[in-house]
Amino acid sequence: MMLTNKPPSAAESRKKRPLCPGKAGVQIEGLSAPLEWKGIFGDENRAEVEIGSGKGAFLLHAAEMRPNVNFLGIEQANACYLYAADRVRRRRLRNVRLVRADARIFIPEFLAPESVGGFHIYFPDPWPKKRHHKRRLITLDFLRELWRCLIPGGWINLVSDHEAYFQYCRERIDASGLFDRQAFQGTPGANPGEWVGTNFERKFAQQGRKFFGLTAIKRNAP
């Protein structure tokens with residue numbers, strides 16, 4: 001009996017292929033503050049920022065649906081950063097860049113006042129244990145930083161599958177006095193029945209979880 005070598009599947013080939021961020025990956029060491037979007041993207045189109053990009057599913061869809069908007073993804077986990085940047089590079093999307101950084105440090109240090117059209121925050125870690133609450137992303141200080149960076153009329157989109165954490169975030173947004181809160185209406189590029197089209201959303205939807213979302217629109221200076 002003759003044995004033949006079975007060709008690797010597409011999934012197996014992807015696993016073996018080294019990840020290459022290319023121009024989609026921005027090295028924080030080479031950045032000057034404050035960021036100038038034209039230096040990053042080569043144009044002066046409106047910029048939006050996703051905090052916690054994961055594997056980049058939202059960025060890919062949003063960038064393809066809105067080619068005249070630039071998207072910066074901030075991702076702290078190196079494996080996710082490399083995977084997302086590699087996907088962007090392979091699709092040759094010119095309006096997406098990713099940086100590996102802690103958003104709580106990167107945003108105050110690198111983003112200029114009134115330079116961001118909107119922030120996307122989808123399924124952040126709720127850190128449900130009380131002793132871990134200090135690690136949560138949404139705090140009054142962080143909301144003040146987002147408000148500082150937003151253009152007039154800019155917004156924050158927030159979605160979570162964790163109801164208690166969503167209520168926690170909503171309370172802090174209201175307590176800040178910096179935003180008008182509205183119902184979340186979804187994002188372009190999501191598949192039918194989806195809100196934002198991230199990997200976490202698809203995973204949680206299969207588990208039957210319920211989602212909670214809001215849009216916080218920047219108020220004028222109080």
# chains A, B, ... in the order shown; residues from 1 in each chain; ligands from 1

call {"tool": "residues_around", "arguments": {"residues": "Phe212 of chain A", "least_positions_apart": "4", "cutoff": "7 Å", "atoms": "only C-alpha atoms", "output": "VMD selection string"}}
result
chain A and resid 159 to 161 163 166

call {"tool": "select_by_dssp", "arguments": {"residues": "segment 50-210 of chain A", "states": "helix (DSSP H, G or I)", "output": "PyMOL selection string"}}
result
chain A and resi 57-65+78-91+103-110+130-135+140-149+163-176+199-206

call {"tool": "residues_around", "arguments": {"residues": "Gly54 of chain A", "least_positions_apart": "5", "cutoff": "9 Å", "atoms": "only C-alpha atoms", "output": "MDAnalysis selection string"}}
result
chainID A and resid 73:77 79:81 83:84 198:200

call {"tool": "write_last_selection", "arguments": {"atoms": "N, CA and C atoms", "output": "mmCIF file, in the first residue's frame"}}
result
data_model
loop_
_atom_site.group_PDB
_atom_site.id
_atom_site.type_symbol
_atom_site.label_atom_id
_atom_site.label_comp_id
_atom_site.auth_asym_id
_atom_site.auth_seq_id
_atom_site.Cartn_x
_atom_site.Cartn_y
_atom_site.Cartn_z
ATOM 1 N N GLY A 73 -5.933 50.524 16.588
ATOM 2 C CA GLY A 73 -6.252 49.532 17.604
ATOM 3 C C GLY A 73 -5.163 49.479 18.659
ATOM 4 N N ILE A 74 -5.558 49.487 19.914
ATOM 5 C CA ILE A 74 -4.620 49.377 21.030
ATOM 6 C C ILE A 74 -4.841 48.022 21.685
ATOM 7 N N GLU A 75 -3.810 47.203 21.718
ATOM 8 C CA GLU A 75 -3.916 45.856 22.275
ATOM 9 C C GLU A 75 -2.689 45.569 23.128
ATOM 10 N N GLN A 76 -2.914 45.117 24.354
ATOM 11 C CA GLN A 76 -1.815 44.880 25.280
ATOM 12 C C GLN A 76 -1.197 43.497 25.118
ATOM 13 N N ALA A 77 -1.981 42.498 24.758
ATOM 14 C CA ALA A 77 -1.477 41.128 24.643
ATOM 15 C C ALA A 77 -0.687 40.969 23.345
ATOM 16 N N ALA A 79 0.416 38.362 21.636
ATOM 17 C CA ALA A 79 -0.069 37.374 20.676
ATOM 18 C C ALA A 79 -1.238 37.925 19.865
ATOM 19 N N CYS A 80 -2.171 38.600 20.530
ATOM 20 C CA CYS A 80 -3.321 39.175 19.823
ATOM 21 C C CYS A 80 -2.889 40.324 18.919
ATOM 22 N N TYR A 81 -1.980 41.153 19.416
ATOM 23 C CA TYR A 81 -1.465 42.265 18.611
ATOM 24 C C TYR A 81 -0.850 41.748 17.309
ATOM 25 N N TYR A 83 -1.299 38.843 15.809
ATOM 26 C CA TYR A 83 -2.295 38.171 14.976
ATOM 27 C C TYR A 83 -3.137 39.200 14.224
ATOM 28 N N ALA A 84 -3.605 40.231 14.942
ATOM 29 C CA ALA A 84 -4.452 41.246 14.316
ATOM 30 C C ALA A 84 -3.692 42.041 13.261
ATOM 31 N N THR A 198 -17.160 41.180 16.911
ATOM 32 C CA THR A 198 -15.869 40.764 17.448
ATOM 33 C C THR A 198 -15.867 39.253 17.698
ATOM 34 N N ASN A 199 -14.666 38.696 17.883
ATOM 35 C CA ASN A 199 -14.572 37.265 18.195
ATOM 36 C C ASN A 199 -15.259 36.932 19.506
ATOM 37 N N PHE A 200 -15.109 37.827 20.505
ATOM 38 C CA PHE A 200 -15.758 37.583 21.784
ATOM 39 C C PHE A 200 -17.280 37.575 21.626
#

call {"tool": "closest_atom_pairs", "arguments": {"of": "segment 58-158 of chain A", "to": "segment 34-47 of chain A", "cutoff": "9 Å", "atoms": "only C-alpha atoms", "output": "JSON lines"}}
result
{"residue": "A:Asn68", "atom": "CA", "partner": "A:Asn45", "partner_atom": "CA", "distance": 6.3}
{"residue": "A:Val69", "atom": "CA", "partner": "A:Arg46", "partner_atom": "CA", "distance": 5.3}
{"residue": "A:Asn70", "atom": "CA", "partner": "A:Ala47", "partner_atom": "CA", "distance": 4.6}
{"residue": "A:Phe71", "atom": "CA", "partner": "A:Ala47", "partner_atom": "CA", "distance": 5.7}
{"residue": "A:Leu72", "atom": "CA", "partner": "A:Ala47", "partner_atom": "CA", "distance": 7.3}
{"residue": "A:Arg94", "atom": "CA", "partner": "A:Phe41", "partner_atom": "CA", "distance": 7.3}
{"residue": "A:Asn95", "atom": "CA", "partner": "A:Phe41", "partner_atom": "CA", "distance": 6.5}
{"residue": "A:Val96", "atom": "CA", "partner": "A:Phe41", "partner_atom": "CA", "distance": 7.9}
{"residue": "A:Arg97", "atom": "CA", "partner": "A:Ile40", "partner_atom": "CA", "distance": 7.9}
{"residue": "A:Glu109", "atom": "CA", "partner": "A:Pro34", "partner_atom": "CA", "distance": 7.3}
{"residue": "A:Phe110", "atom": "CA", "partner": "A:Pro34", "partner_atom": "CA", "distance": 4.7}
{"residue": "A:Leu111", "atom": "CA", "partner": "A:Pro34", "partner_atom": "CA", "distance": 5.5}
{"residue": "A:Ala112", "atom": "CA", "partner": "A:Pro34", "partner_atom": "CA", "distance": 5.3}
{"residue": "A:Pro113", "atom": "CA", "partner": "A:Pro34", "partner_atom": "CA", "distance": 8.9}
{"residue": "A:Ser115", "atom": "CA", "partner": "A:Ala47", "partner_atom": "CA", "distance": 7.4}
{"residue": "A:Val116", "atom": "CA", "partner": "A:Ala47", "partner_atom": "CA", "distance": 5.4}
{"residue": "A:Gly117", "atom": "CA", "partner": "A:Ala47", "partner_atom": "CA", "distance": 5.7}
{"residue": "A:Gly118", "atom": "CA", "partner": "A:Ala47", "partner_atom": "CA", "distance": 7.5}

call {"tool": "write_last_selection", "arguments": {"atoms": "C-alpha atoms", "output": "JSON list (two decimals), in the first residue's frame"}}
result
[["chain", "number", "residue", "atom", "x", "y", "z"],
["A", 68, "ASN", "CA", -12.41, 57.10, 4.64],
["A", 69, "VAL", "CA", -11.98, 56.62, 8.40],
["A", 70, "ASN", "CA", -8.67, 55.70, 10.02],
["A", 71, "PHE", "CA", -8.65, 53.15, 12.85],
["A", 72, "LEU", "CA", -6.02, 52.71, 15.55],
["A", 94, "ARG", "CA", -4.29, 51.16, 4.61],
["A", 95, "ASN", "CA", -6.61, 52.72, 7.18],
["A", 96, "VAL", "CA", -5.78, 50.44, 10.13],
["A", 97, "ARG", "CA", -2.80, 50.51, 12.46],
["A", 109, "GLU", "CA", 0.79, 60.04, 26.90],
["A", 110, "PHE", "CA", 0.26, 59.96, 23.13],
["A", 111, "LEU", "CA", -3.20, 61.20, 22.12],
["A", 112, "ALA", "CA", -3.69, 64.93, 21.62],
["A", 113, "PRO", "CA", -6.74, 66.86, 22.83],
["A", 115, "SER", "CA", -7.98, 64.36, 18.04],
["A", 116, "VAL", "CA", -10.26, 61.28, 18.13],
["A", 117, "GLY", "CA", -13.68, 60.94, 16.55],
["A", 118, "GLY", "CA", -14.74, 57.99, 18.68]]

call {"tool": "select_by_dssp", "arguments": {"residues": "segment 108-178 of chain A", "states": "strand (DSSP E)", "output": "MDAnalysis selection string"}}
result
chainID A and resid 116:122 150:160

call {"tool": "closest_atom_pairs", "arguments": {"of": "segment 40-101 of chain A", "to": "segment 141-147 of chain A", "cutoff": "12 Å", "atoms": "only C-alpha atoms", "output": "tab-separated table"}}
result
residue	atom	partner	partner_atom	distance
A:Glu48	CA	A:Leu146	CA	11.7
A:Val49	CA	A:Leu146	CA	10.4
A:Glu50	CA	A:Leu146	CA	11.8
A:Ile51	CA	A:Leu146	CA	11.0

call {"tool": "residues_around", "arguments": {"residues": "Asp180 of chain A", "least_positions_apart": "2", "cutoff": "8 Å", "atoms": "only C-alpha atoms", "output": "list in words"}}
result
Asp174, Leu178, Gln182, Ala216, Ile217, Lys218 and Arg219 of chain A

call {"tool": "write_last_selection", "arguments": {"atoms": "C-alpha atoms", "output": "short mmCIF file (atom, residue, chain, number, x, y, z; two decimals), in the first residue's frame"}}
result
data_model
loop_
_atom_site.label_atom_id
_atom_site.label_comp_id
_atom_site.auth_asym_id
_atom_site.auth_seq_id
_atom_site.Cartn_x
_atom_site.Cartn_y
_atom_site.Cartn_z
CA ASP A 174 -23.18 59.39 34.43
CA LEU A 178 -18.92 64.68 30.77
CA GLN A 182 -27.71 57.03 24.46
CA ALA A 216 -21.65 58.17 25.48
CA ILE A 217 -21.49 61.45 23.54
CA LYS A 218 -19.08 64.16 24.61
CA ARG A 219 -20.57 67.21 26.27
#

call {"tool": "atom_distance", "arguments": {"atom1": "atom CA of Ser53 of chain A", "atom2": "atom CA of Glu171 of chain A"}}
result
24.3 Å

call {"tool": "closest_residue", "arguments": {"among": "A:Gly213, A:Tyr168, A:Leu98, A:Arg131", "to": "Gln27 of chain A", "atoms": "only C-alpha atoms"}}
result
A:Leu98

call {"tool": "closest_residue", "arguments": {"among": "A:Ala24, A:Leu158, A:Ser32, A:Gln206", "to": "Gln185 of chain A", "atoms": "only C-alpha atoms"}}
result
A:Leu158

call {"tool": "residues_around", "arguments": {"residues": "Pro124 of chain A", "least_positions_apart": "2", "cutoff": "8 Å", "atoms": "only C-alpha atoms", "output": "list in words"}}
result
Gly52, Ile121, Tyr122, Pro126, Leu137 and Ser160 of chain A
